[in-house]
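Everything below belongs to model.csv, which stores CSV, C-alpha atoms.
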chain,number,residue,atom,x,y,z
B,1,MET,CA,0.0,0.0,0.0
B,2,LYS,CA,2.8,2.4,0.9
B,3,GLN,CA,4.5,1.8,-2.4
B,4,THR,CA,1.2,2.5,-4.3
B,5,LEU,CA,0.6,5.8,-2.5
B,6,GLN,CA,4.2,6.9,-3.2
B,7,THR,CA,3.8,6.2,-6.9
B,8,SER,CA,3.5,9.3,-9.1
B,9,ILE,CA,0.3,9.3,-11.2
B,10,TRP,CA,2.5,10.5,-14.1
B,11,SER,CA,4.3,7.2,-14.2
B,12,PHE,CA,1.2,5.8,-16.0
B,13,ARG,CA,1.4,6.3,-19.7
B,14,ASP,CA,-2.3,6.6,-20.2
B,15,ILE,CA,-2.6,9.3,-17.5
B,16,ARG,CA,0.1,11.3,-19.3
B,17,LEU,CA,-2.2,11.2,-22.4
B,18,VAL,CA,-5.6,11.6,-20.7
B,19,LEU,CA,-5.2,14.4,-18.2
B,20,PRO,CA,-3.6,17.0,-20.5
B,21,ALA,CA,-6.0,16.2,-23.4
B,22,ARG,CA,-9.0,16.6,-21.1
B,23,ALA,CA,-7.6,19.9,-19.8
B,24,LEU,CA,-7.1,21.1,-23.4
B,25,SER,CA,-10.7,20.2,-24.2
B,26,TYR,CA,-11.9,22.3,-21.3
B,27,ALA,CA,-9.9,25.2,-22.5
B,28,GLY,CA,-11.6,24.8,-25.8
B,29,ASP,CA,-15.0,24.8,-24.1
B,30,SER,CA,-14.2,28.1,-22.4
B,31,ILE,CA,-13.3,29.6,-25.7
B,32,ALA,CA,-16.5,28.3,-27.2
B,33,MET,CA,-18.6,29.7,-24.3
B,34,ILE,CA,-17.1,33.2,-24.8
B,35,ALA,CA,-17.7,33.0,-28.6
B,36,LEU,CA,-21.3,31.8,-28.2
B,37,MET,CA,-22.1,34.3,-25.4
B,38,LEU,CA,-20.9,37.1,-27.6
B,39,ARG,CA,-22.7,35.8,-30.7
B,40,VAL,CA,-26.1,35.3,-28.8
B,41,SER,CA,-25.9,38.6,-26.9
B,42,ASP,CA,-25.3,40.5,-30.2
B,43,GLY,CA,-28.8,41.3,-31.5
B,44,HIS,CA,-30.7,39.2,-28.9
B,45,GLY,CA,-31.9,40.0,-25.4
B,46,PRO,CA,-31.2,38.4,-22.0
B,47,ALA,CA,-33.8,35.7,-22.7
B,48,ALA,CA,-31.6,34.4,-25.5
B,49,VAL,CA,-28.6,34.2,-23.2
B,50,THR,CA,-30.7,32.4,-20.6
B,51,ALA,CA,-31.8,30.0,-23.3
B,52,LEU,CA,-28.1,29.4,-24.2
B,53,LEU,CA,-27.2,28.6,-20.6
B,54,LEU,CA,-30.2,26.2,-20.4
B,55,ALA,CA,-29.0,24.5,-23.6
B,56,PHE,CA,-25.7,23.8,-21.9
B,57,ALA,CA,-27.4,22.4,-18.7
B,58,VAL,CA,-30.6,20.6,-19.7
B,59,PRO,CA,-29.2,17.8,-21.9
B,60,THR,CA,-27.0,16.5,-19.0
B,61,VAL,CA,-30.2,16.2,-16.9
B,62,VAL,CA,-32.2,14.6,-19.7
B,63,MET,CA,-29.4,12.1,-20.4
B,64,ILE,CA,-29.2,10.8,-16.8
B,65,PRO,CA,-31.2,7.6,-17.5
B,66,PHE,CA,-29.2,6.8,-20.7
B,67,ALA,CA,-25.7,8.1,-20.3
B,68,GLY,CA,-24.6,5.8,-17.4
B,69,ARG,CA,-26.1,2.7,-19.0
B,70,ILE,CA,-24.2,3.4,-22.2
B,71,VAL,CA,-20.9,3.9,-20.2
B,72,ASP,CA,-21.4,0.7,-18.2
B,73,GLY,CA,-22.8,-1.3,-21.1
B,74,PHE,CA,-20.2,-0.9,-23.8
B,75,ASP,CA,-16.4,-0.9,-24.4
B,76,SER,CA,-14.9,2.4,-23.1
B,77,ARG,CA,-13.0,3.1,-26.3
B,78,THR,CA,-16.1,2.7,-28.4
B,79,VAL,CA,-18.1,5.0,-26.1
B,80,LEU,CA,-15.3,7.7,-26.0
B,81,VAL,CA,-14.7,7.7,-29.7
B,82,TRP,CA,-18.3,8.0,-30.8
B,83,SER,CA,-19.3,10.5,-28.1
B,84,GLY,CA,-16.2,12.5,-29.1
B,85,LEU,CA,-17.1,12.4,-32.8
B,86,LEU,CA,-20.6,13.6,-32.0
B,87,GLN,CA,-19.0,16.6,-30.2
B,88,VAL,CA,-16.6,17.3,-33.1
B,89,GLY,CA,-19.6,17.3,-35.5
B,90,ALA,CA,-21.6,19.7,-33.2
B,91,GLY,CA,-18.6,21.9,-32.8
B,92,VAL,CA,-18.0,22.2,-36.5
B,93,GLY,CA,-21.7,22.9,-37.1
B,94,LEU,CA,-21.7,25.7,-34.5
B,95,ALA,CA,-18.9,27.4,-36.4
B,96,PHE,CA,-21.0,27.6,-39.5
B,97,VAL,CA,-24.5,28.5,-38.3
B,98,HIS,CA,-25.6,31.9,-37.0
B,99,ASP,CA,-29.4,31.4,-36.4
B,100,LEU,CA,-30.3,31.3,-32.7
B,101,VAL,CA,-32.4,28.1,-33.0
B,102,ASP,CA,-29.7,26.2,-34.9
B,103,THR,CA,-27.1,27.4,-32.3
B,104,LEU,CA,-29.2,26.2,-29.4
B,105,ALA,CA,-29.9,22.8,-31.1
B,106,LEU,CA,-26.2,22.2,-31.8
B,107,VAL,CA,-25.3,23.1,-28.2
B,108,CYS,CA,-27.8,20.5,-27.0
B,109,VAL,CA,-26.1,17.9,-29.3
B,110,LEU,CA,-22.7,19.0,-28.0
B,111,GLN,CA,-23.9,18.5,-24.4
B,112,ILE,CA,-25.4,15.1,-25.2
B,113,GLY,CA,-22.0,13.9,-26.2
B,114,GLN,CA,-20.5,15.5,-23.0
B,115,ALA,CA,-23.1,13.8,-20.9
B,116,VAL,CA,-21.7,10.4,-22.1
B,117,ALA,CA,-18.0,11.3,-22.4
B,118,GLY,CA,-17.7,12.8,-18.9
B,119,PRO,CA,-18.8,9.6,-17.0
B,120,ALA,CA,-16.9,7.4,-19.4
B,121,TRP,CA,-13.6,9.2,-18.7
B,122,GLY,CA,-14.4,9.3,-15.0
B,123,ALA,CA,-15.1,5.6,-14.8
B,124,LEU,CA,-11.9,4.7,-16.8
B,125,ILE,CA,-9.4,6.6,-14.6
B,126,PRO,CA,-9.6,4.1,-11.7
B,127,ARG,CA,-8.8,1.3,-14.2
B,128,ILE,CA,-5.7,3.3,-15.2
B,129,VAL,CA,-4.2,4.2,-11.8
B,130,GLY,CA,-5.9,1.9,-9.4
B,131,GLU,CA,-8.3,2.7,-6.6
B,132,GLU,CA,-5.6,4.0,-4.2
B,133,LEU,CA,-4.6,6.8,-6.5
B,134,VAL,CA,-8.0,8.0,-7.6
B,135,GLY,CA,-8.1,10.9,-5.1
B,136,ARG,CA,-4.7,12.2,-6.2
B,137,THR,CA,-5.6,11.8,-9.9
B,138,THR,CA,-9.0,13.5,-9.5
B,139,GLY,CA,-7.5,16.5,-7.6
B,140,THR,CA,-4.7,16.9,-10.2
B,141,SER,CA,-7.1,16.6,-13.1
B,142,GLN,CA,-9.5,19.2,-11.7
B,143,ALA,CA,-6.6,21.5,-11.0
B,144,LEU,CA,-5.3,21.2,-14.6
B,145,ILE,CA,-8.9,21.7,-15.8
B,146,GLY,CA,-9.1,24.9,-13.7
B,147,VAL,CA,-5.9,26.3,-15.2
B,148,ALA,CA,-7.1,25.4,-18.7
B,149,THR,CA,-10.5,27.0,-18.1
B,150,LEU,CA,-8.9,30.2,-16.9
B,151,ALA,CA,-6.6,30.2,-19.9
B,152,GLY,CA,-9.4,29.5,-22.3
B,153,SER,CA,-11.6,32.3,-20.9
B,154,ALA,CA,-8.7,34.7,-21.3
B,155,ALA,CA,-8.0,33.6,-24.8
B,156,GLY,CA,-11.6,33.4,-25.9
B,157,GLY,CA,-12.2,37.1,-26.3
B,158,VAL,CA,-8.8,37.6,-28.0
B,159,LEU,CA,-9.5,34.7,-30.5
B,160,VAL,CA,-13.0,36.1,-31.3
B,161,GLY,CA,-11.5,39.5,-32.0
B,162,TRP,CA,-8.7,37.9,-34.1
B,163,VAL,CA,-10.3,35.2,-36.1
B,164,GLY,CA,-14.0,35.7,-35.4
B,165,SER,CA,-16.5,33.4,-33.6
B,166,ARG,CA,-16.2,30.8,-36.4
B,167,GLY,CA,-12.4,30.4,-35.9
B,168,ALA,CA,-12.8,30.2,-32.1
B,169,LEU,CA,-15.5,27.5,-32.4
B,170,LEU,CA,-13.3,25.5,-34.8
B,171,VAL,CA,-10.6,25.6,-32.1
B,172,ASP,CA,-13.0,24.0,-29.7
B,173,ALA,CA,-13.9,21.4,-32.3
B,174,ALA,CA,-10.2,20.6,-32.8
B,175,THR,CA,-9.9,19.9,-29.0
B,176,PHE,CA,-12.6,17.3,-29.2
B,177,LEU,CA,-10.9,15.7,-32.2
B,178,ALA,CA,-7.8,15.5,-30.1
B,179,LEU,CA,-9.7,13.7,-27.4
B,180,VAL,CA,-11.0,11.2,-30.0
B,181,VAL,CA,-7.4,10.5,-31.0
B,182,ILE,CA,-6.4,10.1,-27.4
B,183,ALA,CA,-9.3,7.7,-26.8
B,184,GLN,CA,-7.9,5.5,-29.6
B,185,LEU,CA,-4.3,5.7,-28.1
B,186,VAL,CA,-5.3,4.8,-24.5
B,187,ARG,CA,-4.5,1.2,-23.9
B,188,THR,CA,-6.6,0.7,-20.8
B,189,ARG,CA,-10.1,-0.5,-21.6
B,190,ARG,CA,-13.2,-0.7,-19.5
B,191,ARG,CA,-15.6,-3.4,-20.7
B,192,PRO,CA,-18.7,-5.1,-19.2
B,193,GLU,CA,-17.7,-8.3,-17.5
B,194,PRO,CA,-18.9,-11.3,-19.6
B,195,GLY,CA,-21.6,-13.2,-17.9
B,196,ALA,CA,-21.9,-10.7,-15.0
B,197,ALA,CA,-25.4,-9.9,-13.8
B,198,ARG,CA,-26.3,-6.4,-14.9
B,199,GLU,CA,-28.0,-4.2,-12.4
B,200,ARG,CA,-31.1,-2.8,-14.1
B,201,GLY,CA,-31.9,0.9,-14.3
B,202,GLY,CA,-30.0,4.0,-15.3
B,203,VAL,CA,-30.6,6.9,-12.9
B,204,SER,CA,-32.2,4.6,-10.4
B,205,ALA,CA,-29.1,2.4,-10.2
B,206,GLY,CA,-26.8,5.4,-9.8
B,207,LEU,CA,-29.0,7.0,-7.1
B,208,ARG,CA,-29.4,3.7,-5.3
B,209,ALA,CA,-25.6,3.3,-5.1
B,210,ILE,CA,-25.3,6.9,-3.8
B,211,PHE,CA,-28.0,6.6,-1.2
B,212,GLY,CA,-27.0,3.1,-0.2
B,213,ASP,CA,-23.6,4.3,1.0
B,214,ASP,CA,-23.4,5.7,4.5
B,215,ILE,CA,-21.1,8.6,3.5
B,216,LEU,CA,-22.3,9.5,0.0
B,217,LYS,CA,-25.9,9.8,1.1
B,218,ILE,CA,-24.7,12.7,3.3
B,219,LEU,CA,-22.1,14.3,1.2
B,220,VAL,CA,-23.7,14.3,-2.2
B,221,PRO,CA,-26.7,16.4,-0.9
B,222,ALA,CA,-24.0,18.7,0.6
B,223,LEU,CA,-22.7,19.1,-2.9
B,224,TRP,CA,-26.2,19.9,-4.2
B,225,MET,CA,-26.5,22.6,-1.4
B,226,PHE,CA,-23.2,24.2,-2.6
B,227,VAL,CA,-24.5,24.2,-6.2
B,228,VAL,CA,-27.7,26.0,-5.2
B,229,VAL,CA,-25.7,28.6,-3.1
B,230,GLY,CA,-22.9,29.0,-5.5
B,231,GLU,CA,-25.0,29.4,-8.6
B,232,ALA,CA,-27.5,31.6,-6.9
B,233,VAL,CA,-24.9,34.1,-5.8
B,234,ASN,CA,-23.4,34.0,-9.3
B,235,VAL,CA,-26.6,35.4,-10.7
B,236,VAL,CA,-26.2,38.6,-8.5
B,237,GLU,CA,-22.4,38.8,-8.3
B,238,VAL,CA,-22.1,41.2,-11.2
B,239,PHE,CA,-24.7,43.5,-9.5
B,240,LEU,CA,-22.8,43.3,-6.2
B,241,ILE,CA,-19.4,44.2,-7.7
B,242,THR,CA,-20.4,46.8,-10.3
B,243,GLY,CA,-23.5,48.2,-8.5
B,244,GLU,CA,-23.1,48.0,-4.7
B,245,LEU,CA,-19.3,48.3,-4.7
B,246,GLY,CA,-19.1,50.6,-7.7
B,247,LEU,CA,-16.3,48.7,-9.3
B,248,GLY,CA,-15.9,48.4,-13.1
B,249,PRO,CA,-16.1,45.4,-15.5
B,250,ALA,CA,-12.3,44.9,-15.3
B,251,LEU,CA,-12.4,44.3,-11.6
B,252,TYR,CA,-15.5,42.1,-12.0
B,253,GLY,CA,-13.2,40.0,-14.2
B,254,VAL,CA,-10.4,40.1,-11.6
B,255,ALA,CA,-12.8,38.7,-9.0
B,256,GLY,CA,-13.8,35.9,-11.4
B,257,ALA,CA,-10.1,35.1,-12.0
B,258,ALA,CA,-9.5,35.0,-8.2
B,259,THR,CA,-12.3,32.5,-7.8
B,260,GLY,CA,-10.9,30.4,-10.5
B,261,ALA,CA,-7.4,30.5,-9.1
B,262,GLY,CA,-8.7,29.5,-5.7
B,263,ALA,CA,-10.5,26.5,-7.2
B,264,ILE,CA,-7.2,25.3,-8.7
B,265,VAL,CA,-5.6,25.4,-5.2
B,266,GLY,CA,-8.5,23.7,-3.6
B,267,ALA,CA,-8.6,20.9,-6.2
B,268,TRP,CA,-4.8,20.4,-6.0
B,269,TYR,CA,-5.0,20.2,-2.2
B,270,SER,CA,-7.8,17.7,-2.4
B,271,GLY,CA,-5.5,15.4,-4.3
B,272,ARG,CA,-3.3,15.3,-1.3
B,273,LEU,CA,-6.0,13.9,1.0
B,274,ASN,CA,-5.7,10.2,1.7
B,275,GLY,CA,-8.7,8.1,2.7
B,276,ASP,CA,-12.4,8.5,2.9
B,277,ARG,CA,-12.4,10.2,6.3
B,278,ALA,CA,-10.0,13.0,5.1
B,279,ARG,CA,-12.0,13.6,2.0
B,280,ALA,CA,-15.3,13.7,3.9
B,281,VAL,CA,-13.7,16.3,6.2
B,282,GLY,CA,-12.6,18.1,3.1
B,283,VAL,CA,-16.2,18.3,1.8
B,284,VAL,CA,-17.3,19.8,5.1
B,285,VAL,CA,-14.5,22.3,5.3
B,286,GLY,CA,-15.1,23.3,1.6
B,287,THR,CA,-18.8,23.8,2.3
B,288,ALA,CA,-18.1,25.9,5.4
B,289,ALA,CA,-15.5,28.0,3.5
B,290,ILE,CA,-17.9,28.8,0.7
B,291,GLY,CA,-20.6,29.9,3.2
B,292,GLY,CA,-18.3,32.0,5.3
B,293,ALA,CA,-16.7,33.6,2.2
B,294,SER,CA,-20.2,34.4,0.7
B,295,VAL,CA,-21.1,36.3,3.9
B,296,LEU,CA,-17.8,38.1,3.7
B,297,MET,CA,-18.4,39.1,0.1
B,298,GLY,CA,-21.9,40.2,1.0
B,299,LEU,CA,-20.5,42.5,3.7
B,300,ALA,CA,-17.5,43.7,1.7
B,301,GLY,CA,-16.8,47.4,1.5
B,302,ASN,CA,-13.7,47.4,-0.6
B,303,LEU,CA,-11.8,45.4,-3.3
B,304,VAL,CA,-9.4,43.6,-0.9
B,305,THR,CA,-12.2,42.1,1.2
B,306,LEU,CA,-14.1,41.2,-2.0
B,307,LEU,CA,-11.0,39.4,-3.5
B,308,ILE,CA,-10.4,37.5,-0.2
B,309,GLY,CA,-14.0,36.3,-0.3
B,310,ALA,CA,-13.9,35.4,-4.0
B,311,THR,CA,-10.6,33.5,-3.6
B,312,THR,CA,-11.9,31.6,-0.5
B,313,ILE,CA,-15.0,30.6,-2.4
B,314,GLY,CA,-12.8,29.2,-5.1
B,315,VAL,CA,-10.7,27.2,-2.7
B,316,GLY,CA,-13.8,25.8,-1.0
B,317,SER,CA,-15.4,24.9,-4.3
B,318,GLY,CA,-12.3,23.2,-5.7
B,319,LEU,CA,-11.8,21.2,-2.5
B,320,LEU,CA,-15.5,20.3,-2.3
B,321,ASN,CA,-15.9,19.2,-5.9
B,322,ALA,CA,-12.7,17.2,-6.1
B,323,ALA,CA,-13.2,15.4,-2.8
B,324,THR,CA,-16.8,14.5,-3.6
B,325,SER,CA,-15.8,13.2,-7.0
B,326,ALA,CA,-13.1,11.0,-5.5
B,327,LEU,CA,-15.4,9.7,-2.9
B,328,VAL,CA,-18.2,8.9,-5.4
B,329,VAL,CA,-15.8,7.0,-7.6
B,330,THR,CA,-14.0,5.0,-4.9
B,331,ARG,CA,-17.1,4.2,-2.9
B,332,SER,CA,-19.2,2.9,-5.9
B,333,ALA,CA,-19.0,-0.5,-7.4
B,334,GLU,CA,-17.1,-0.9,-10.7
B,335,ALA,CA,-20.1,-2.3,-12.5
B,336,VAL,CA,-22.3,0.7,-11.9
B,337,ARG,CA,-19.6,3.4,-11.8
B,338,GLY,CA,-20.7,5.0,-15.0
B,339,ARG,CA,-24.3,5.3,-13.9
B,340,VAL,CA,-23.3,6.7,-10.5
B,341,ILE,CA,-21.1,9.4,-12.2
B,342,ALA,CA,-23.9,10.2,-14.7
B,343,ALA,CA,-26.5,10.5,-11.9
B,344,LEU,CA,-24.2,12.8,-10.0
B,345,ASN,CA,-23.5,15.0,-13.0
B,346,GLY,CA,-27.2,15.1,-14.0
B,347,THR,CA,-28.5,16.0,-10.5
B,348,VAL,CA,-25.8,18.7,-10.1
B,349,ARG,CA,-27.0,20.2,-13.3
B,350,SER,CA,-30.6,20.0,-12.1
B,351,PHE,CA,-29.8,22.0,-9.0
B,352,SER,CA,-27.8,24.4,-11.1
B,353,ILE,CA,-30.9,25.2,-13.1
B,354,LEU,CA,-32.9,25.6,-9.9
B,355,ALA,CA,-30.3,27.9,-8.6
B,356,MET,CA,-30.5,30.2,-11.6
B,357,LEU,CA,-34.2,30.7,-10.8
B,358,LEU,CA,-33.7,31.1,-7.0
B,359,GLY,CA,-30.8,33.5,-7.6
B,360,GLY,CA,-33.0,35.8,-9.6
B,361,LEU,CA,-35.8,35.6,-7.1
B,362,ALA,CA,-33.5,36.2,-4.1
B,363,GLY,CA,-31.8,39.1,-5.9
B,364,ALA,CA,-35.2,40.8,-6.4
B,365,LEU,CA,-36.3,40.2,-2.8
B,366,LEU,CA,-33.1,40.6,-0.8
B,367,GLY,CA,-30.8,42.5,-3.1
B,368,PRO,CA,-27.2,41.4,-4.0
B,369,ARG,CA,-25.8,41.8,-0.5
B,370,GLY,CA,-28.7,40.1,1.2
B,371,THR,CA,-28.5,37.2,-1.3
B,372,PHE,CA,-24.8,36.7,-0.5
B,373,VAL,CA,-25.3,36.8,3.2
B,374,THR,CA,-28.4,34.6,3.3
B,375,CYS,CA,-26.9,32.0,1.0
B,376,GLY,CA,-23.7,32.1,3.0
B,377,VAL,CA,-25.4,31.6,6.3
B,378,ALA,CA,-27.4,28.7,4.9
B,379,CYS,CA,-24.2,27.1,3.6
B,380,VAL,CA,-22.4,27.4,7.0
B,381,VAL,CA,-25.4,25.9,8.8
B,382,ALA,CA,-25.5,23.1,6.2
B,383,ALA,CA,-21.8,22.4,6.8
B,384,ALA,CA,-22.3,22.1,10.5
B,385,ILE,CA,-25.2,19.7,10.0
B,386,VAL,CA,-23.2,17.6,7.4
B,387,GLY,CA,-20.2,17.5,9.8
B,388,ALA,CA,-22.3,16.2,12.6
B,389,LEU,CA,-23.9,13.6,10.4
B,390,VAL,CA,-20.6,12.4,9.0
B,391,ALA,CA,-19.1,12.2,12.6
B,392,ARG,CA,-22.2,10.2,13.7
B,393,SER,CA,-21.9,7.9,10.7
B,394,LYS,CA,-18.3,7.2,11.6
B,395,ASP,CA,-19.2,6.5,15.2
B,396,GLU,CA,-22.0,4.2,14.2
B,397,SER,CA,-19.7,2.3,11.8
B,398,LYS,CA,-17.2,1.9,14.6
B,399,ASP,CA,-19.9,0.6,17.0
B,400,SER,CA,-21.0,-1.9,14.3
B,401,GLU,CA,-17.4,-3.1,13.9
B,402,LEU,CA,-17.0,-3.5,17.7
B,403,GLU,CA,-20.3,-5.4,17.9
B,404,ALA,CA,-19.3,-7.7,15.1
B,405,VAL,CA,-15.9,-8.4,16.8
B,406,SER,CA,-17.6,-9.0,20.2
B,407,HIS,CA,-19.8,-11.7,18.7
Since I need it in another form, could you write the structure as structure tokens?
Amino acid sequence: MKQTLQTSIWSFRDIRLVLPARALSYAGDSIAMIALMLRVSDGHGPAAVTALLLAFAVPTVVMIPFAGRIVDGFDSRTVLVWSGLLQVGAGVGLAFVHDLVDTLALVCVLQIGQAVAGPAWGALIPRIVGEELVGRTTGTSQALIGVATLAGSAAGGVLVGWVGSRGALLVDAATFLALVVIAQLVRTRRRPEPGAARERGGVSAGLRAIFGDDILKILVPALWMFVVVGEAVNVVEVFLITGELGLGPALYGVAGAATGAGAIVGAWYSGRLNGDRARAVGVVVGTAAIGGASVLMGLAGNLVTLLIGATTIGVGSGLLNAATSALVVTRSAEAVRGRVIAALNGTVRSFSILAMLLGGLAGALLGPRGTFVTCGVACVVAAAIVGALVARSKDESKDSELEAVSH
């Protein structure tokens, strides 16, 4: 065990292919998002931008019953290649259409491919590195993705100004093509076991696995709480920074970059946590950090306080996301891992959609500062409850072990 934990994840050939390629793809996604937001906002109202955001979110929810079954039911290389080719086709199509309806339809196709590819890559990684290195690999992967996303966001506007939205979207399509090539080159395969009894159900099998686990049934809802709080305050963040604090668009961008940088640090640190207990504590600490930082931002009177809050939210979210992802993978059975990851991704997207609606309502009723403070307090309370439940779960499991030994 000690030798395994001391092994570098970069000693695995397939990881050296997969992690950089996935990070590059996320950079392409950031570029595409900038290009599409600029395209849709030009000549269309806020409703069109909302429709674009929903087009990115809804397919992941709709695909919950199907994506996991595809991932668990077929050879991983086949799944990754075909889902990647679907994304390549949608990316190229987006580069050559300009009508809003066509754009929204192709974004939906793009996200259908992502709804399958994401769980397929997530379920394959434990096969590459082994169960003991999943946490470190997940943290490293999310940190790389955070760096790539920041770089893509910075490059997106420049690319659109240089080569237009078509060129920027073709860059995104090229990153998906690179992932298809990598999927062909990866030697590790994940296949259904011949003759093994298949657990029926898509979303039901995934959710049963989550809620059948003593830790996941507590921590996954904690992640949902973070999504509601995080996405809700995102709706009013621009009004807090530019309106309440009177800062300009450039400093709004700086705050976003601070959050992204914090998320990279949080994800990287999560990869250094060993064992389920340490990761569970990481989830609780991440949730509490998000809540406390949201309150701080809501009460902020100057740029320094705002940036401290934004960076802390990023650290908490990076830690929470990476630790939860590692726990979900390591504590679910191999045969249903694709369905578990798909259920997690889909439910997170569902709460993201809910948060957009709640954020707008809270902003109208409470104002930007009130929304930040209220959501922050709710998050801190949730962290305290989750921490108590996790500790109780640990105590009960210890009591069960002692009882089993005594008999």
Proximity to Ala57 in chain B - best of B:Gly230, B:Gly301, B:Gly73, B:Gly346, all atoms listed in the file
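Among the listed residues, B:Gly346 lies closest to Ala57 in chain B.
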Report the distance between CA of Gly68 in chain B and CA of Ala148 in chain B in Å, rounded to one decimal place.
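Atom-to-atom, CA of Gly68 in chain B and CA of Ala148 in chain B are spaced 26.3 Å apart.
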Quick one: pull the distance between CA of Ala51 in chain B and CA of Gly91 in chain B, Å, one decimal.
18.2 Å
Using CA of Ala205 in chain B and CA of Ala120 in chain B as the two end points, give the distance in Å to one decimal.
16.1 Å
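Restricting the calculation to only C-alpha atoms, the smallest distance between Thr311 in chain B and any of B:Ile290, B:Leu357, B:Cys375, B:Val284 is found for B:Ile290.
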